[in-house]
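Content type TSV, C-alpha atoms, from the file run_30.tsv:
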chain	number	residue	atom	x	y	z
B	1	MET	CA	115.78	97.42	104.83
B	2	LYS	CA	116.60	100.76	106.44
B	3	ARG	CA	113.80	102.59	104.63
B	4	VAL	CA	110.89	100.69	106.12
B	5	LEU	CA	112.46	101.21	109.54
B	6	PHE	CA	112.02	104.97	109.17
B	7	PHE	CA	108.35	104.36	108.50
B	8	LEU	CA	107.59	101.68	111.09
B	9	GLY	CA	109.69	103.44	113.74
B	10	GLN	CA	107.22	106.33	113.84
B	11	LEU	CA	104.13	104.17	114.30
B	12	ASN	CA	103.04	102.69	117.60
B	13	ASP	CA	102.30	99.02	118.26
B	14	ARG	CA	98.52	99.53	117.82
B	15	ASP	CA	99.10	101.10	114.40
B	16	VAL	CA	101.33	98.25	113.25
B	17	GLU	CA	98.86	95.66	114.53
B	18	TRP	CA	96.06	97.48	112.70
B	19	MET	CA	98.16	97.38	109.50
B	20	LEU	CA	98.77	93.65	109.96
B	21	GLN	CA	95.04	92.99	110.43
B	22	ASN	CA	94.03	95.12	107.44
B	23	GLY	CA	96.77	94.32	104.94
B	24	THR	CA	97.10	91.39	102.59
B	25	ARG	CA	99.92	89.38	101.11
B	26	LEU	CA	100.68	89.38	97.42
B	27	MET	CA	102.78	86.59	95.94
B	28	LEU	CA	104.26	87.77	92.65
B	29	ASP	CA	106.35	86.00	90.03
B	30	ALA	CA	109.22	87.37	87.99
B	31	GLY	CA	107.80	89.45	85.16
B	32	ASP	CA	104.65	90.50	87.03
B	33	GLN	CA	103.98	94.22	87.00
B	34	LEU	CA	103.10	95.71	90.39
B	35	ILE	CA	102.78	99.31	89.20
B	36	THR	CA	102.22	100.70	85.72
B	37	LYS	CA	103.40	104.21	84.90
B	38	GLY	CA	100.42	106.55	84.52
B	39	LYS	CA	97.88	104.06	85.93
B	40	ALA	CA	96.39	104.97	89.31
B	41	ILE	CA	97.16	102.65	92.21
B	42	ASP	CA	94.93	101.96	95.17
B	43	SER	CA	97.39	100.63	97.73
B	44	LEU	CA	100.59	101.15	99.62
B	45	TYR	CA	103.12	98.31	99.37
B	46	ILE	CA	106.04	97.05	101.47
B	47	VAL	CA	108.44	94.52	99.94
B	48	ILE	CA	108.74	91.56	102.32
B	49	SER	CA	111.06	89.47	100.15
B	50	GLY	CA	112.24	89.26	96.57
B	51	GLN	CA	113.29	91.97	94.19
B	52	LEU	CA	111.58	94.49	91.93
B	53	ALA	CA	112.92	96.95	89.35
B	54	VAL	CA	111.80	100.53	88.75
B	55	TYR	CA	111.57	101.85	85.19
B	56	VAL	CA	110.69	105.31	83.88
B	57	ASN	CA	109.94	104.33	80.28
B	58	SER	CA	107.43	101.89	78.87
B	59	SER	CA	110.07	99.84	77.03
B	60	HIS	CA	111.58	98.87	80.42
B	61	ASN	CA	115.08	99.06	79.01
B	62	LYS	CA	116.58	101.28	81.70
B	63	CYS	CA	116.23	100.30	85.34
B	64	ILE	CA	116.62	103.32	87.64
B	65	ALA	CA	116.36	101.46	90.96
B	66	LYS	CA	116.07	98.02	92.52
B	67	LEU	CA	113.65	97.42	95.38
B	68	GLU	CA	114.23	94.72	97.97
B	69	SER	CA	113.06	93.65	101.41
B	70	GLY	CA	112.06	96.70	103.43
B	71	ASP	CA	111.38	99.05	100.53
B	72	MET	CA	108.04	100.83	100.23
B	73	VAL	CA	106.23	101.39	96.96
B	74	GLY	CA	103.28	103.63	96.12
B	75	GLU	CA	103.89	106.22	98.83
B	76	MET	CA	104.23	109.15	96.42
B	77	SER	CA	100.94	108.35	94.69
B	78	PHE	CA	99.36	107.94	98.10
B	79	LEU	CA	100.42	111.43	99.16
B	80	GLU	CA	99.70	113.20	95.89
B	81	SER	CA	96.75	111.19	94.57
B	82	ARG	CA	98.47	111.25	91.19
B	83	PRO	CA	99.29	108.27	89.02
B	84	PRO	CA	102.80	106.90	89.38
B	85	SER	CA	105.58	108.31	87.21
B	86	VAL	CA	107.34	104.91	87.04
B	87	SER	CA	106.58	101.26	86.44
B	88	VAL	CA	107.60	98.60	88.95
B	89	ILE	CA	108.22	95.07	87.69
B	90	VAL	CA	109.06	91.96	89.70
B	91	THR	CA	112.52	90.59	88.82
B	92	GLU	CA	112.46	87.57	91.14
B	93	PRO	CA	109.60	85.90	93.01
B	94	SER	CA	108.47	88.35	95.67
B	95	THR	CA	106.19	88.64	98.66
B	96	ILE	CA	104.57	92.06	99.07
B	97	PHE	CA	102.54	93.46	101.96
B	98	GLN	CA	99.64	95.47	100.55
B	99	ILE	CA	97.29	97.78	102.39
B	100	SER	CA	94.52	99.55	100.53
B	101	ARG	CA	94.26	103.31	100.29
B	102	ASP	CA	90.58	103.10	101.33
B	103	LYS	CA	91.45	101.36	104.60
B	104	ILE	CA	94.29	103.79	105.36
B	105	ASP	CA	92.10	106.79	104.53
B	106	ALA	CA	89.34	105.52	106.84
B	107	ARG	CA	91.82	105.08	109.70
B	108	LEU	CA	93.32	108.53	109.06
B	109	LEU	CA	89.85	110.10	109.39
B	110	LYS	CA	89.06	108.29	112.65
B	111	ASN	CA	92.39	108.42	114.46
B	112	ALA	CA	94.30	111.71	114.76
B	113	GLU	CA	97.29	110.05	116.45
B	114	PHE	CA	97.62	107.55	113.61
B	115	LYS	CA	97.30	110.39	111.10
B	116	ALA	CA	100.12	112.37	112.71
B	117	ASN	CA	102.34	109.30	113.04
B	118	PHE	CA	101.60	108.05	109.52
B	119	TYR	CA	102.38	111.35	107.77
B	120	HIS	CA	105.46	111.94	109.91
B	121	ALA	CA	106.65	108.43	109.02
B	122	LEU	CA	106.11	109.08	105.30
B	123	ALA	CA	107.97	112.38	105.55
B	124	LEU	CA	111.00	110.70	107.16
B	125	PHE	CA	110.88	107.88	104.62
B	126	LEU	CA	110.77	110.27	101.66
B	127	SER	CA	113.45	112.50	103.16
B	128	ASN	CA	115.76	109.51	103.46
B	129	ARG	CA	115.02	108.48	99.88
B	130	LEU	CA	115.75	112.01	98.63
B	131	ARG	CA	119.06	112.09	100.51
B	132	GLY	CA	119.97	108.76	98.89
B	133	THR	CA	119.14	110.12	95.44
B	134	THR	CA	121.16	113.27	96.14
B	135	ASP	CA	124.11	111.08	97.20
B	136	GLN	CA	123.78	108.93	94.04
B	137	LEU	CA	123.94	112.07	91.93
B	138	GLY	CA	127.16	113.10	93.68
B	139	PHE	CA	125.76	116.06	95.59
B	140	GLY	CA	125.49	114.49	99.03
B	141	ASN	CA	127.64	115.03	102.08
B	142	PRO	CA	129.57	111.77	102.78
B	143	GLU	CA	130.05	112.72	106.46
B	144	GLU	CA	126.26	112.71	106.95
B	145	GLU	CA	125.53	109.54	105.00
B	146	ASP	CA	124.48	107.30	107.88
B	147	MET	CA	123.67	109.90	110.52
B	148	LEU	CA	120.28	109.58	112.18
B	149	GLU	CA	118.59	111.87	114.67
B	150	THR	CA	118.41	110.39	118.16
B	151	THR	CA	114.59	110.42	118.06
B	152	VAL	CA	114.61	108.50	114.78
B	153	LEU	CA	117.27	106.10	116.04
B	154	ASP	CA	115.16	105.28	119.11
B	155	GLY	CA	112.34	104.10	116.86
B	156	VAL	CA	114.57	102.05	114.56
B	157	ALA	CA	115.09	99.22	117.07
B	158	GLN	CA	111.34	98.89	117.59
B	159	ALA	CA	110.78	99.18	113.86
B	160	GLY	CA	113.08	96.23	113.25
B	161	SER	CA	111.00	94.01	115.49
B	162	ARG	CA	107.81	95.32	113.86
B	163	PHE	CA	109.11	94.46	110.39
B	164	VAL	CA	110.03	90.98	111.64
B	165	GLN	CA	106.41	90.72	112.87
B	166	ILE	CA	105.14	91.55	109.39
B	167	ILE	CA	107.52	89.04	107.77
B	168	HIS	CA	106.55	86.35	110.27
B	169	ARG	CA	102.81	86.95	109.92
B	170	PHE	CA	102.90	86.78	106.14
B	171	SER	CA	105.33	83.84	106.05
B	172	GLU	CA	102.95	81.80	108.23
B	173	ALA	CA	100.17	82.29	105.70
B	174	ALA	CA	102.25	80.57	103.00
Entire entry expressed as structure tokens:
Amino acid sequence: MKRVLFFLGQLNDRDVEWMLQNGTRLMLDAGDQLITKGKAIDSLYIVISGQLAVYVNSSHNKCIAKLESGDMVGEMSFLESRPPSVSVIVTEPSTIFQISRDKIDARLLKNAEFKANFYHALALFLSNRLRGTTDQLGFGNPEEEDMLETTVLDGVAQAGSRFVQIIHRFSEAA
């Protein structure tokens, strides 16, 4: 859950409301493939509920990560405009918030504040993910594991309520 809080904590209420109005809900079953390695994706995803697995090979015999509520998917392809280097498969029924790249790109062009907030949010999100990977590999600093900058921490409380908004909005549509 912490990861989406880094992202949502950097956006303002108007940005989150815009995302809610422009995103859609995906209901996926176990075995569905959300992302295929090497195949371009056209959206950014936030896991609302359920679980997904990340695989680097096409035989899907080695899971490198599990994704759960609050995880984002597709952010690297969004930034780099390159196809994903992993596949993501649903392991239990899941609800996913999806917002298209075209809609995000249009908003980025029209709204400089959103653009600054959005890219700052992605940078914090990816930095946190990299720190987690570094820790998993045994190269992290245990004393720093859960330290957050005060400015980031201030946004986390708001981000929690924003994520609850997203969950509530997409649960109502069920």
Here is a test: counting all atoms listed in the file, which residue of B:Asp15, B:Val54, B:Phe6, B:Gly132 is nearest to Ala116 of chain B?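 Among the listed residues, B:Asp15 lies closest to Ala116 of chain B.
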Quick one: distance from atom CA of Pro84 of chain B to atom CA of Glu17 of chain B in Å, one decimal?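 Computing the Euclidean distance for atom CA of Pro84 of chain B and atom CA of Glu17 of chain B yields 27.8 Å.
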What does the distance between atom CA of Phe7 of chain B and atom CA of His120 of chain B come to in Å, to one decimal place? 8.2 Å
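Atom pair atom CA of Tyr119 of chain B / atom CA of Asp32 of chain B: separated by 29.5 Å.
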Using all atoms listed in the file, can you list as an NGL selection string the residues within 12 Å of (107.2, 103.2, 88.0)? :B and (33-41 or 52-60 or 62-67 or 73-77 or 83-90)
Could you build a table of the residues in segment 103-124 of chain B lying no more than 12 Å from segment 42-49 of chain B, giving for each the nearest pair of atoms and their separation in Å rounded to one decimal place, using all atoms listed in the file, ordered by chain and ascending residue number, as a Markdown table?
| residue | atom | partner | partner_atom | distance |
| --- | --- | --- | --- | --- |
| B:Lys103 | CA | B:Ser43 | CA | 9.1 |
| B:Ile104 | CA | B:Ser43 | CA | 8.8 |
| B:Asp105 | CA | B:Ser43 | CA | 10.6 |
| B:Leu122 | CA | B:Leu44 | CA | 11.2 |
